[in-house]
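Q: Have a peek at structure.txt (compact mmCIF, C-alpha atoms).
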```txt
# COMPACT_ATOMS: atom_id res chain seq x y z
CA MET A 10 -26.55 -40.15 41.66
CA SER A 11 -30.19 -39.09 41.93
CA ASP A 12 -31.53 -35.55 41.60
CA GLY A 13 -32.22 -35.51 45.34
CA GLN A 14 -28.61 -36.39 46.11
CA HIS A 15 -27.39 -33.69 43.73
CA SER A 16 -29.63 -31.14 45.45
CA ALA A 17 -28.52 -32.23 48.91
CA GLY A 18 -24.88 -32.03 47.88
CA HIS A 19 -25.27 -28.52 46.52
CA LEU A 20 -27.04 -27.38 49.68
CA ALA A 21 -24.19 -28.82 51.73
CA LEU A 22 -21.85 -26.58 49.72
CA GLY A 23 -23.93 -23.55 50.73
CA LEU A 24 -25.72 -22.93 47.44
CA PRO A 25 -29.10 -21.18 47.79
CA VAL A 26 -32.19 -23.40 47.85
CA ARG A 27 -33.80 -21.70 44.84
CA GLU A 28 -30.68 -22.34 42.75
CA THR A 29 -30.46 -25.95 43.85
CA LEU A 30 -33.89 -27.40 43.10
CA ASP A 31 -37.17 -26.57 41.42
CA THR A 32 -39.08 -25.21 44.40
CA THR A 33 -42.39 -25.48 42.51
CA SER A 34 -42.04 -29.24 42.06
CA PRO A 35 -43.45 -31.54 44.78
CA ALA A 36 -41.24 -34.35 43.50
CA ALA A 37 -38.14 -32.18 43.95
CA TRP A 38 -38.87 -31.62 47.66
CA LEU A 39 -39.51 -35.31 48.27
CA ALA A 40 -36.36 -36.21 46.34
CA LEU A 41 -34.39 -33.78 48.51
CA ASP A 42 -35.78 -35.40 51.66
CA THR A 43 -34.52 -38.78 50.45
CA GLY A 44 -31.27 -37.36 49.08
CA VAL A 45 -30.22 -35.85 52.40
CA ARG A 46 -30.63 -39.20 54.15
CA ILE A 47 -28.46 -40.87 51.50
CA LEU A 48 -25.91 -38.07 51.86
CA ALA A 49 -25.81 -38.62 55.62
CA ALA A 50 -24.65 -42.20 55.11
CA HIS A 51 -21.24 -40.89 54.08
CA PRO A 52 -19.28 -39.49 57.07
CA ALA A 53 -17.40 -37.06 54.83
CA ASN A 54 -20.59 -35.07 54.24
CA ARG A 55 -21.05 -32.69 57.15
CA LEU A 56 -24.72 -32.17 57.94
CA PRO A 57 -26.09 -29.61 60.41
CA THR A 58 -26.14 -30.44 64.13
CA ARG A 59 -28.48 -29.30 66.90
CA ASN A 60 -25.78 -26.96 68.23
CA GLU A 61 -25.34 -25.41 64.79
CA LEU A 62 -29.08 -24.74 64.62
CA ARG A 63 -28.97 -23.03 67.99
CA GLY A 64 -26.22 -20.77 66.67
CA LEU A 65 -28.10 -19.57 63.60
CA PRO A 66 -28.88 -15.84 63.69
CA GLY A 67 -32.40 -14.83 64.73
CA GLY A 68 -34.86 -13.47 62.19
CA PRO A 69 -34.82 -14.13 58.43
CA LEU A 70 -31.94 -16.37 57.40
CA GLY A 71 -29.43 -15.73 54.63
CA PRO A 72 -29.16 -18.09 51.66
CA ALA A 73 -26.39 -20.19 53.20
CA SER A 74 -28.17 -20.53 56.53
CA GLU A 75 -31.43 -21.37 54.76
CA SER A 76 -29.62 -24.15 52.90
CA ARG A 77 -28.29 -25.57 56.19
CA LEU A 78 -31.78 -25.41 57.70
CA ALA A 79 -33.20 -27.26 54.68
CA LEU A 80 -30.67 -30.03 55.25
CA ALA A 81 -31.57 -30.14 58.93
CA LEU A 82 -35.29 -30.46 58.16
CA CYS A 83 -34.44 -33.63 56.19
CA HIS A 84 -31.84 -34.95 58.64
CA PRO A 85 -32.06 -38.67 59.50
CA ASN A 86 -31.81 -37.80 63.21
CA GLY A 87 -35.26 -36.93 64.55
CA ARG A 88 -33.86 -34.59 67.20
CA VAL A 89 -32.16 -32.52 64.52
CA ARG A 90 -35.38 -32.38 62.47
CA GLU A 91 -37.27 -31.30 65.58
CA ALA A 92 -34.74 -28.56 66.33
CA ALA A 93 -34.90 -27.38 62.73
CA LEU A 94 -38.68 -27.04 62.93
CA GLY A 95 -38.16 -24.58 65.78
CA ARG A 96 -36.42 -22.28 63.28
CA ALA A 97 -38.67 -23.00 60.27
CA THR A 98 -40.62 -19.75 60.63
CA ASP A 99 -37.37 -17.86 59.94
CA ALA A 100 -37.30 -19.35 56.42
CA PRO A 101 -40.77 -19.09 54.77
CA GLY A 102 -39.37 -20.61 51.57
CA LEU A 103 -38.93 -23.93 53.39
CA LEU A 104 -42.64 -24.34 54.17
CA PRO A 105 -42.80 -27.35 51.78
CA LEU A 106 -40.35 -29.20 54.04
CA VAL A 107 -42.58 -28.40 57.03
CA VAL A 108 -45.40 -30.02 55.05
CA VAL A 109 -43.21 -33.08 54.51
CA ARG A 110 -42.46 -33.29 58.20
CA CYS A 111 -46.20 -33.27 58.99
CA ALA A 112 -46.15 -36.87 57.74
CA ASP A 113 -42.94 -37.73 59.64
CA TRP A 114 -42.70 -41.17 61.23
CA ALA A 115 -41.54 -39.65 64.56
CA ALA A 116 -44.52 -38.42 66.57
CA GLN A 117 -42.67 -35.53 68.23
CA VAL A 118 -41.39 -34.22 64.90
CA ARG A 119 -44.80 -34.72 63.29
CA ASP A 120 -46.69 -32.91 66.04
CA LEU A 121 -44.32 -29.93 66.04
CA ALA A 122 -44.49 -29.66 62.23
CA ARG A 123 -48.27 -29.66 62.37
CA ALA A 124 -48.26 -26.93 64.99
CA VAL A 125 -45.97 -24.81 62.79
CA LEU A 126 -48.09 -25.42 59.69
CA ALA A 127 -51.33 -24.62 61.54
CA ASP A 128 -50.20 -21.00 61.81
CA ALA A 129 -49.91 -20.66 58.03
CA THR A 130 -52.51 -18.61 56.12
CA GLY A 131 -54.14 -19.25 52.77
CA PRO A 132 -51.60 -17.33 50.65
CA GLU A 133 -48.80 -19.28 52.35
CA LEU A 134 -50.40 -22.72 52.03
CA ALA A 135 -51.79 -22.42 48.50
CA PRO A 136 -48.40 -22.67 46.71
CA ALA A 137 -47.75 -25.91 48.58
CA ALA A 138 -51.05 -27.45 47.44
CA PRO A 139 -49.44 -29.86 44.89
CA LEU A 140 -47.12 -31.23 47.57
CA ILE A 141 -49.91 -31.44 50.14
CA LEU A 142 -52.12 -33.42 47.78
CA LEU A 143 -49.24 -35.72 46.86
CA LEU A 144 -48.40 -36.39 50.52
CA SER A 145 -52.06 -37.00 51.37
CA ARG A 146 -51.61 -40.47 49.84
CA ARG A 147 -49.28 -41.42 52.69
CA ASP A 148 -50.52 -43.01 55.90
CA ARG A 149 -49.90 -39.86 57.99
CA GLY A 150 -50.41 -37.35 55.19
CA GLY A 151 -53.99 -36.30 55.83
CA PHE A 152 -53.36 -33.47 58.30
CA ALA A 153 -51.95 -30.98 55.81
CA LEU A 154 -54.76 -31.72 53.35
CA ARG A 155 -57.44 -31.16 55.98
CA LEU A 156 -55.75 -27.93 57.02
CA LEU A 157 -55.50 -26.71 53.42
CA GLU A 158 -59.15 -27.52 52.78
CA ARG A 159 -60.25 -25.70 55.94
CA VAL A 160 -58.15 -22.65 55.12
CA LEU A 161 -59.49 -22.47 51.56
CA ARG A 162 -63.10 -23.04 52.59
CA ASP A 163 -62.97 -20.38 55.28
CA GLY A 164 -60.59 -17.91 53.65
CA PRO A 165 -61.13 -15.29 50.94
CA GLY A 166 -62.20 -16.39 47.47
CA PRO A 167 -59.00 -15.27 45.69
CA ASP A 168 -57.05 -17.96 47.57
CA VAL A 169 -59.19 -20.58 45.82
CA GLY A 170 -59.30 -18.70 42.52
CA ALA A 171 -55.52 -18.76 42.26
CA LEU A 172 -55.62 -22.56 42.15
CA LEU A 173 -58.40 -22.96 39.58
CA THR A 174 -55.97 -22.72 36.68
CA HIS A 175 -53.11 -24.58 38.32
CA GLU A 176 -51.13 -26.84 36.00
CA ASP A 177 -51.30 -29.71 38.49
CA ARG A 178 -54.47 -31.69 37.67
CA ALA A 179 -55.09 -32.83 41.24
CA VAL A 180 -54.82 -29.25 42.54
CA CYS A 181 -57.14 -27.97 39.82
CA ARG A 182 -59.77 -30.58 40.67
CA PHE A 183 -59.43 -29.87 44.39
CA ALA A 184 -59.85 -26.12 43.86
CA HIS A 185 -62.89 -26.57 41.61
CA ARG A 186 -64.62 -28.76 44.19
CA ILE A 187 -64.16 -26.08 46.82
CA ALA A 188 -65.20 -23.29 44.44
CA VAL A 189 -68.39 -25.18 43.56
CA ASP A 190 -69.19 -25.90 47.21
CA ARG A 191 -68.63 -22.25 48.12
CA HIS A 192 -70.60 -20.97 45.10
CA LEU A 193 -67.65 -18.81 44.08
CA LEU A 194 -68.48 -19.17 40.37
CA THR A 195 -71.69 -18.14 38.63
CA PRO A 196 -73.60 -20.70 36.52
CA ALA A 197 -72.37 -18.92 33.38
CA GLU A 198 -68.74 -19.14 34.55
CA LEU A 199 -69.20 -22.80 35.42
CA ALA A 200 -70.66 -23.52 31.98
CA ARG A 201 -67.71 -21.85 30.26
CA ARG A 202 -65.26 -23.83 32.37
CA ALA A 203 -67.11 -27.07 31.64
CA ALA A 204 -66.96 -26.35 27.91
CA THR A 205 -63.27 -25.44 27.85
CA ALA A 206 -61.66 -27.60 30.55
CA ALA A 207 -59.37 -30.40 29.42
CA ASP A 208 -60.04 -32.59 32.45
CA VAL A 209 -63.17 -34.76 32.29
CA ARG A 210 -63.82 -34.63 36.05
CA ILE A 211 -63.77 -30.85 36.03
CA GLN A 212 -66.01 -30.83 32.95
CA VAL A 213 -68.64 -32.97 34.67
CA LEU A 214 -68.36 -31.15 38.02
CA CYS A 215 -68.79 -27.72 36.45
CA ALA A 216 -71.53 -28.79 34.04
CA GLU A 217 -73.62 -30.33 36.80
CA ALA A 218 -73.08 -27.33 39.07
CA ALA A 219 -73.96 -24.92 36.25
CA LEU A 220 -77.26 -26.69 35.58
CA ALA A 221 -78.08 -26.92 39.27
CA GLY A 222 -77.76 -23.16 39.58
CA THR A 223 -79.71 -22.14 36.49
CA GLY A 224 -83.40 -21.72 35.84
CA ALA A 225 -85.75 -21.51 32.88
CA ASP A 226 -84.03 -18.33 31.65
CA GLY A 227 -80.53 -19.80 31.62
CA TYR A 228 -80.37 -21.07 28.05
CA ASP A 229 -78.06 -18.45 26.51
CA ALA A 230 -75.65 -18.20 29.44
CA VAL A 231 -75.52 -21.84 30.54
CA VAL A 232 -77.15 -24.41 28.25
CA ALA A 233 -75.91 -23.06 24.90
CA PRO A 234 -72.19 -23.20 25.86
CA LEU A 235 -72.67 -26.74 27.15
CA LEU A 236 -74.34 -27.84 23.92
CA ALA A 237 -71.45 -26.45 21.88
CA ALA A 238 -68.76 -28.27 23.88
CA ARG A 239 -66.54 -30.92 22.31
CA SER A 240 -66.80 -33.19 25.33
CA PRO A 241 -69.71 -35.67 25.13
CA GLN A 242 -70.14 -35.50 28.91
CA VAL A 243 -70.63 -31.76 28.71
CA ARG A 244 -72.91 -31.92 25.65
CA SER A 245 -75.06 -34.53 27.38
CA ALA A 246 -75.42 -32.19 30.36
CA GLY A 247 -76.43 -29.44 27.95
CA VAL A 248 -79.06 -31.65 26.33
CA THR A 249 -80.44 -32.48 29.76
CA GLY A 250 -80.49 -28.74 30.45
CA LEU A 251 -82.92 -28.27 27.55
CA ARG A 252 -85.55 -29.93 29.71
CA ARG A 253 -84.84 -27.52 32.57
CA THR A 254 -85.26 -24.54 30.24
CA GLY A 255 -88.43 -25.92 28.64
CA ARG A 256 -86.86 -26.50 25.19
CA HIS A 257 -87.55 -30.21 24.92
CA GLY A 258 -88.01 -30.16 21.16
CA GLU A 259 -84.50 -28.85 20.51
CA ALA A 260 -83.11 -32.16 21.75
CA ALA A 261 -84.06 -33.66 18.37
CA ALA A 262 -80.94 -32.04 16.90
CA PHE A 263 -78.83 -34.31 19.11
CA LEU A 264 -80.51 -37.62 18.28
CA ALA A 265 -77.73 -38.27 15.76
CA ASP A 266 -74.86 -37.03 17.91
CA ARG A 267 -71.63 -38.94 17.52
CA SER A 268 -71.77 -39.85 21.23
CA GLY A 269 -74.10 -42.58 22.46
CA LEU A 270 -74.39 -40.79 25.80
CA VAL A 271 -75.64 -37.61 24.13
CA ARG A 272 -78.07 -39.58 21.97
CA ALA A 273 -79.51 -41.28 25.06
CA CYS A 274 -79.99 -37.93 26.80
CA ALA A 275 -81.67 -36.50 23.70
CA ARG A 276 -84.15 -39.39 23.62
CA TYR A 277 -84.91 -38.91 27.30
CA VAL A 278 -85.57 -35.20 26.94
CA LEU A 279 -87.79 -35.72 23.91
CA ARG A 280 -89.83 -38.33 25.73
CA GLN A 281 -90.19 -36.00 28.68
CA GLY A 282 -91.61 -33.47 26.27
CA GLY A 283 -94.06 -35.98 24.82
CA THR A 284 -92.18 -36.85 21.60
CA ASP A 285 -91.32 -40.40 20.58
CA PRO A 286 -87.80 -40.37 19.07
CA LEU A 287 -88.25 -43.64 17.15
CA PRO A 288 -90.18 -42.18 14.18
CA LEU A 289 -87.55 -39.45 13.94
CA TYR A 290 -84.79 -42.03 13.76
CA ARG A 291 -86.62 -44.01 11.10
CA SER A 292 -87.05 -40.85 9.05
CA MET A 293 -83.33 -39.97 9.31
CA CYS A 294 -82.29 -43.51 8.39
CA ALA A 295 -84.19 -43.27 5.09
CA ASP A 296 -81.19 -41.17 3.97
CA PRO A 297 -78.48 -41.44 6.64
CA THR A 298 -75.84 -39.58 4.64
CA ARG A 299 -76.48 -36.35 6.58
CA HIS A 300 -76.82 -38.10 9.97
CA PRO A 301 -74.73 -41.32 10.04
CA ALA A 302 -75.02 -41.74 13.81
CA ALA A 303 -78.82 -41.83 13.50
CA VAL A 304 -78.31 -45.44 12.35
CA ALA A 305 -76.76 -46.29 15.71
CA GLY A 306 -79.59 -44.46 17.45
CA LEU A 307 -82.15 -46.56 15.61
CA GLY A 308 -80.50 -49.68 16.98
CA GLU A 309 -80.47 -48.22 20.48
CA CYS A 310 -84.22 -47.60 20.63
CA GLY A 311 -85.68 -49.55 17.69
CA SER A 312 -87.24 -52.97 17.49
CA ARG A 313 -86.83 -56.13 15.45
CA THR A 314 -88.94 -54.57 12.74
CA ASP A 315 -86.06 -52.18 12.02
CA VAL A 316 -83.59 -54.94 11.23
CA GLU A 317 -84.53 -55.02 7.57
CA THR A 318 -83.81 -51.31 7.36
CA LEU A 319 -80.37 -51.78 8.90
CA TRP A 320 -79.00 -54.67 6.84
CA PRO A 321 -78.87 -52.71 3.53
CA LEU A 322 -77.00 -49.95 5.36
CA THR A 323 -74.08 -52.31 6.03
CA SER A 324 -73.15 -51.75 2.37
CA HIS A 325 -73.75 -47.98 2.35
CA GLN A 326 -71.16 -45.83 0.58
CA LEU A 327 -70.20 -44.00 3.79
CA PRO A 328 -67.95 -45.95 6.19
CA ALA A 329 -69.56 -44.26 9.19
CA VAL A 330 -72.99 -45.49 8.13
CA ARG A 331 -71.69 -49.03 7.61
CA ALA A 332 -70.03 -49.05 11.04
CA HIS A 333 -73.11 -47.67 12.80
CA ALA A 334 -75.30 -50.20 11.00
CA VAL A 335 -73.19 -53.05 12.37
CA SER A 336 -73.38 -51.57 15.88
CA ALA A 337 -77.14 -51.16 15.56
CA LEU A 338 -77.56 -54.81 14.57
CA CYS A 339 -75.58 -55.77 17.66
CA ALA A 340 -77.81 -53.61 19.84
CA LEU A 341 -80.88 -55.35 18.44
CA ASP A 342 -79.26 -58.78 18.81
CA ALA A 343 -79.73 -59.33 15.10
CA VAL A 344 -76.21 -60.20 13.98
CA ARG A 345 -75.91 -62.96 11.41
CA PRO A 346 -72.23 -64.02 11.36
CA ASP A 347 -72.31 -65.43 7.83
CA ARG A 348 -73.77 -62.22 6.47
CA ILE A 349 -71.60 -59.79 8.42
CA ARG A 350 -68.28 -61.67 8.17
CA PRO A 351 -67.35 -60.18 4.75
CA LEU A 352 -67.03 -56.80 6.43
CA LEU A 353 -63.76 -58.02 7.95
CA ASP A 354 -62.30 -57.09 4.57
CA ASP A 355 -63.92 -53.66 4.50
CA PRO A 356 -61.49 -50.92 3.39
CA SER A 357 -62.46 -48.79 6.40
CA ALA A 358 -60.75 -49.55 9.72
CA VAL A 359 -63.74 -48.24 11.70
CA VAL A 360 -66.03 -50.72 9.96
CA VAL A 361 -63.61 -53.59 10.60
CA ARG A 362 -63.43 -52.71 14.30
CA ALA A 363 -67.23 -52.65 14.54
CA THR A 364 -67.36 -56.01 12.77
CA VAL A 365 -64.94 -57.56 15.26
CA ARG A 366 -67.11 -56.42 18.15
CA ALA A 367 -70.14 -57.91 16.43
CA LEU A 368 -68.47 -61.25 15.65
CA ARG A 369 -66.63 -61.80 18.91
CA PRO A 370 -69.60 -63.55 20.62
CA TYR A 371 -69.79 -65.87 17.58
CA ALA A 372 -66.04 -66.45 17.25
CA ALA A 373 -66.41 -70.17 18.01
CA THR A 374 -68.54 -70.63 14.90
CA LEU A 375 -66.19 -68.90 12.47
CA ASP A 376 -63.98 -70.74 10.02
CA THR A 377 -60.49 -70.85 11.55
CA ALA A 378 -58.77 -71.29 8.21
CA LEU A 379 -60.58 -68.26 6.86
CA LEU A 380 -59.37 -66.16 9.80
CA ARG A 381 -55.79 -67.42 9.51
CA ALA A 382 -55.76 -66.51 5.84
CA ARG A 383 -56.38 -62.92 6.89
CA LEU A 384 -53.19 -62.87 8.93
CA MET A 385 -51.08 -62.83 5.78
CA PRO A 386 -48.81 -59.80 5.26
CA ASP A 387 -50.62 -58.78 2.09
CA ARG A 388 -53.80 -58.10 4.05
CA PRO A 389 -54.50 -54.58 5.38
CA ARG A 390 -53.39 -54.05 8.98
CA PRO A 391 -56.96 -53.57 10.39
CA THR A 392 -57.98 -56.89 8.83
CA ARG A 393 -54.95 -58.68 10.28
CA ILE A 394 -55.65 -57.29 13.74
CA ALA A 395 -59.32 -58.24 13.46
CA ALA A 396 -58.48 -61.82 12.47
CA LEU A 397 -56.00 -62.13 15.33
CA ARG A 398 -58.53 -60.96 17.89
CA LEU A 399 -61.18 -63.36 16.63
CA LEU A 400 -58.69 -66.23 16.68
CA GLN A 401 -57.83 -65.34 20.26
CA ALA A 402 -61.55 -65.37 21.07
CA GLN A 403 -61.72 -68.86 19.54
CA GLU A 404 -58.86 -70.00 21.77
CA ARG A 405 -60.65 -68.70 24.86
CA ALA A 406 -63.83 -70.50 23.76
CA ARG A 407 -61.82 -73.69 23.25
CA ALA A 408 -60.32 -73.34 26.72
CA ARG A 409 -63.82 -73.11 28.19
CA GLY A 410 -64.87 -76.21 26.30
CA ALA A 411 -67.35 -74.26 24.18
CA TYR A 412 -65.52 -75.00 20.93
CA PRO A 413 -64.11 -78.42 20.06
CA GLY A 414 -61.50 -77.00 17.68
CA PRO A 415 -60.85 -77.49 13.97
```
When written as C-alpha cells, how does the structure in this file appear?
A:
Amino acid sequence: MSDGQHSAGHLALGLPVRETLDTTSPAAWLALDTGVRILAAHPANRLPTRNELRGLPGGPLGPASESRLALALCHPNGRVREAALGRATDAPGLLPLVVVRCADWAAQVRDLARAVLADATGPELAPAAPLILLLSRRDRGGFALRLLERVLRDGPGPDVGALLTHEDRAVCRFAHRIAVDRHLLTPAELARRAATAADVRIQVLCAEAALAGTGADGYDAVVAPLLAARSPQVRSAGVTGLRRTGRHGEAAAFLADRSGLVRACARYVLRQGGTDPLPLYRSMCADPTRHPAAVAGLGECGSRTDVETLWPLTSHQLPAVRAHAVSALCALDAVRPDRIRPLLDDPSAVVVRATVRALRPYAATLDTALLRARLMPDRPRPTRIAALRLLQAQERARARGAYPGP
C-alpha cells in the first residue's frame, strides 16, 4: 500500500490532516490525491457524499470534518469535488488541495478551484509555492503559477523574502528571480548570496545582478566577495567586475586560476586594460610550481612557439603541472601520441585522465596490444580505465572504417 493510500485511509478514520501526512511536502498532497481515488475503488471505504458536505457546520471545521473535506476534494466524482470546493474556505489548511484542483481535468471543478485560489493573498499562497511549481509542469498547471508570480510581484517584499531561503531548489530560484526583478536586494546583498549560494543558477543570477547594479566604487561591497567565492562562475563574474571598477591590472592574479572560465575572463579584462597576458604566462611557466594552472593558460592563448616550453613540463615533479601541460599541448594542437603515450602509466590519476583526453583523437594509431596489456589486474585502476576508454575509441574508429584493425 502506498503512502497516499495510507493517508487516505487514516483520513477516512477521522484522523486530523496534520497527523496523517506531511503537509509541507508537495509529493504528499499529490500522493493523497491518488490514494483517495484508489481507496474509492473499494466499496467498503465510505467516502464523503454531496449531501454530507451540505451538512457540515458553517465556519471553521473541526479536525474530523476537515479530514472528510480533504477526502472530498480528492473524490473521483467531479460533482463531489466541486461541492467540496464550495466549503474549501472553511479549511485554510487544505489550500494545497485547492491548488491541485486548479489543474483538474473537469472544467467546472478547475474553474471553481481557480476562483477560490484567486482570493488568496501572498502569505496564504507562499507556503504552497513548492506544490504550485511542481504542478506547473502539468498541462493545466500554469494558472496557479501565474497567480503566485503576480501576487509576489505586486505584494510586499517580505512575501518574497520568506522564500529566498526555502529548502526547495525550484522555489528558491523562483523567489530570487522575482527579488532581482523587483530590486529587493542591494548589490552587496546579491554579491553575498552569489558567493554563498549552493545552487549554480542562483549564483549566476545574483552575481550578474550585483554587477549590473554597482558602479566604480563597488569593489569592496560587490567585487571583492565575488572574487573570493569558491564557484568559478561567481569568480569569473568578479574578475569581469574588475573592469567595471577600473582595476584591470588586478585581473593578473587570476590568470592562473584553477578554472578555465576564470582564466579566460582574466585575459579579457587585462586586454581591455591594455595588457597582453601572454608574456605574463610565459614568465609564470618559467617556474610553474607556484602557479600550475598558468601552464594551461599558456596553451589557451599561446602559439606554436610555446610548444617547446610545454613538452619538458610533461615530466615536471608536480602532477598538476604535468596534467596542465598535456591539456595545453592539446589546446595548441601539438600532441605527439608516441611522446605522450607513456603518461598513461603516470602515478597521478589526474595526469592519466588528461592523457586519455589527449590521445582519444589518435586512438586508431595506438598499439592495441599495448593498451590491452594495461588492462591487467596488476595495473593501477586509472591506467586500466584509460586503456579501456582508448580501446573503446579504437572500436568506434573501426566501426566508422577509419581503422582497419590489428
Q: Measuring between only C-alpha atoms, which one of A:Leu399, A:Cys339, A:Ile394, A:Ala138 shows the shortest distance to Arg369 of chain A?
A: A:Leu399
Q: If we count only C-alpha atoms, what is near Arg210 of chain A at a cut-off of 9 Å, once residues fewer than 4 positions away on the same chain are taken out, given as a list in words?
A: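 So the residues in contact are Arg182, Leu214 and Cys215 of chain A.
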Q: Would you export the selected residues with C-alpha atoms as a tab-separated table (two decimals), in the coordinates of the input, please?
A:
```tsv
chain	number	residue	atom	x	y	z
A	182	ARG	CA	-59.77	-30.58	40.67
A	214	LEU	CA	-68.36	-31.15	38.02
A	215	CYS	CA	-68.79	-27.72	36.45
```
Q: In terms of the shortest atom-to-atom distance over only C-alpha atoms, which of A:Leu353, A:Leu220, A:Leu287, A:Leu322 is closest to Leu338 of chain A?
A: A:Leu322
Q: Excluding Glu91 of chain A and its own-chain neighbours fewer than 3 positions away, which residues fall within 12 Å of it when counting all atoms listed in the file? Please give them as a ChimeraX atom specification.
A: /A:58-59,62-63,78,81-88,94-97,107,110-111,113,115-125
Q: Give me the residues near Val330 of chain A as a compact mmCIF listing (two decimals) with C-alpha atoms, in the coordinates of the input, where near means some atom within 9 Å (using only C-alpha atoms) and where sequence neighbours in that chain fewer than 2 positions away do not count.
A:
```
# COMPACT_ATOMS: atom_id res chain seq x y z
CA PRO A 297 -78.48 -41.44 6.64
CA THR A 298 -75.84 -39.58 4.64
CA HIS A 300 -76.82 -38.10 9.97
CA PRO A 301 -74.73 -41.32 10.04
CA ALA A 302 -75.02 -41.74 13.81
CA ALA A 303 -78.82 -41.83 13.50
CA VAL A 304 -78.31 -45.44 12.35
CA ALA A 305 -76.76 -46.29 15.71
CA LEU A 322 -77.00 -49.95 5.36
CA THR A 323 -74.08 -52.31 6.03
CA SER A 324 -73.15 -51.75 2.37
CA HIS A 325 -73.75 -47.98 2.35
CA GLN A 326 -71.16 -45.83 0.58
CA LEU A 327 -70.20 -44.00 3.79
CA PRO A 328 -67.95 -45.95 6.19
CA ALA A 332 -70.03 -49.05 11.04
CA HIS A 333 -73.11 -47.67 12.80
CA ALA A 334 -75.30 -50.20 11.00
CA VAL A 335 -73.19 -53.05 12.37
CA VAL A 360 -66.03 -50.72 9.96
```
Q: Between A:Pro165, A:Pro386, A:Pro346, A:Gly247, which is the closest to Pro370 of chain A once you count only C-alpha atoms?
A: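 Once distances to Pro370 of chain A are computed over only C-alpha atoms, the minimum belongs to A:Pro346.
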Q: For Arg55 of chain A, find every residue with an atom within 10 Å (counting only C-alpha atoms), except residues of its own chain fewer than 5 positions away, and show them as number ranges by chain.
A: A: 21-22, 48-49
Q: Please provide as a list in words all residues within 9 Å of Arg291 of chain A, with the sequence filter that same-chain residues fewer than 5 positions apart are discarded (counting only C-alpha atoms).
A: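 Listed by chain and then number, they are Pro286, Ala303, Val304, Leu307, Gly311, Asp315 and Thr318 of chain A.
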Q: Go ahead and dump the residues you just picked, C-alpha atoms, as an mmCIF file, in the coordinates of the input.
A:
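This went into out.cif:
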```cif
data_model
loop_
_atom_site.group_PDB
_atom_site.id
_atom_site.type_symbol
_atom_site.label_atom_id
_atom_site.label_comp_id
_atom_site.auth_asym_id
_atom_site.auth_seq_id
_atom_site.Cartn_x
_atom_site.Cartn_y
_atom_site.Cartn_z
ATOM 1 C CA PRO A 286 -87.800 -40.370 19.070
ATOM 2 C CA ALA A 303 -78.820 -41.830 13.500
ATOM 3 C CA VAL A 304 -78.310 -45.440 12.350
ATOM 4 C CA LEU A 307 -82.150 -46.560 15.610
ATOM 5 C CA GLY A 311 -85.680 -49.550 17.690
ATOM 6 C CA ASP A 315 -86.060 -52.180 12.020
ATOM 7 C CA THR A 318 -83.810 -51.310 7.360
#
```
Q: One number please: atom CA of Glu198 of chain A to atom CA of Leu235 of chain A, in Å, one decimal.
A: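 Between atom CA of Glu198 of chain A and atom CA of Leu235 of chain A the gap is 11.3 Å.
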Q: Which of these, A:Ala79, A:Ser336, A:Arg27, A:Pro35, has the shortest distance to Val180 of chain A once you count all atoms listed in the file?
A: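 That would be A:Pro35, the residue with the smallest distance to Val180 of chain A.
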Q: Interatomic distance between atom CA of Gly23 of chain A and atom CA of Ala36 of chain A?
A: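 Going from atom CA of Gly23 of chain A over to atom CA of Ala36 of chain A covers 21.6 Å.
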Q: Place a sphere of radius 12 Å on (-50.0, -17.3, 51.1) in the file coordinates and name every protein, DNA or RNA residue with an atom inside or on its surface, counting all atoms listed in the file; give the answer as a PyMOL selection string.
A: chain A and resi 101-102+104+126+128-138+157+160-161+164-165+167-169+171-172
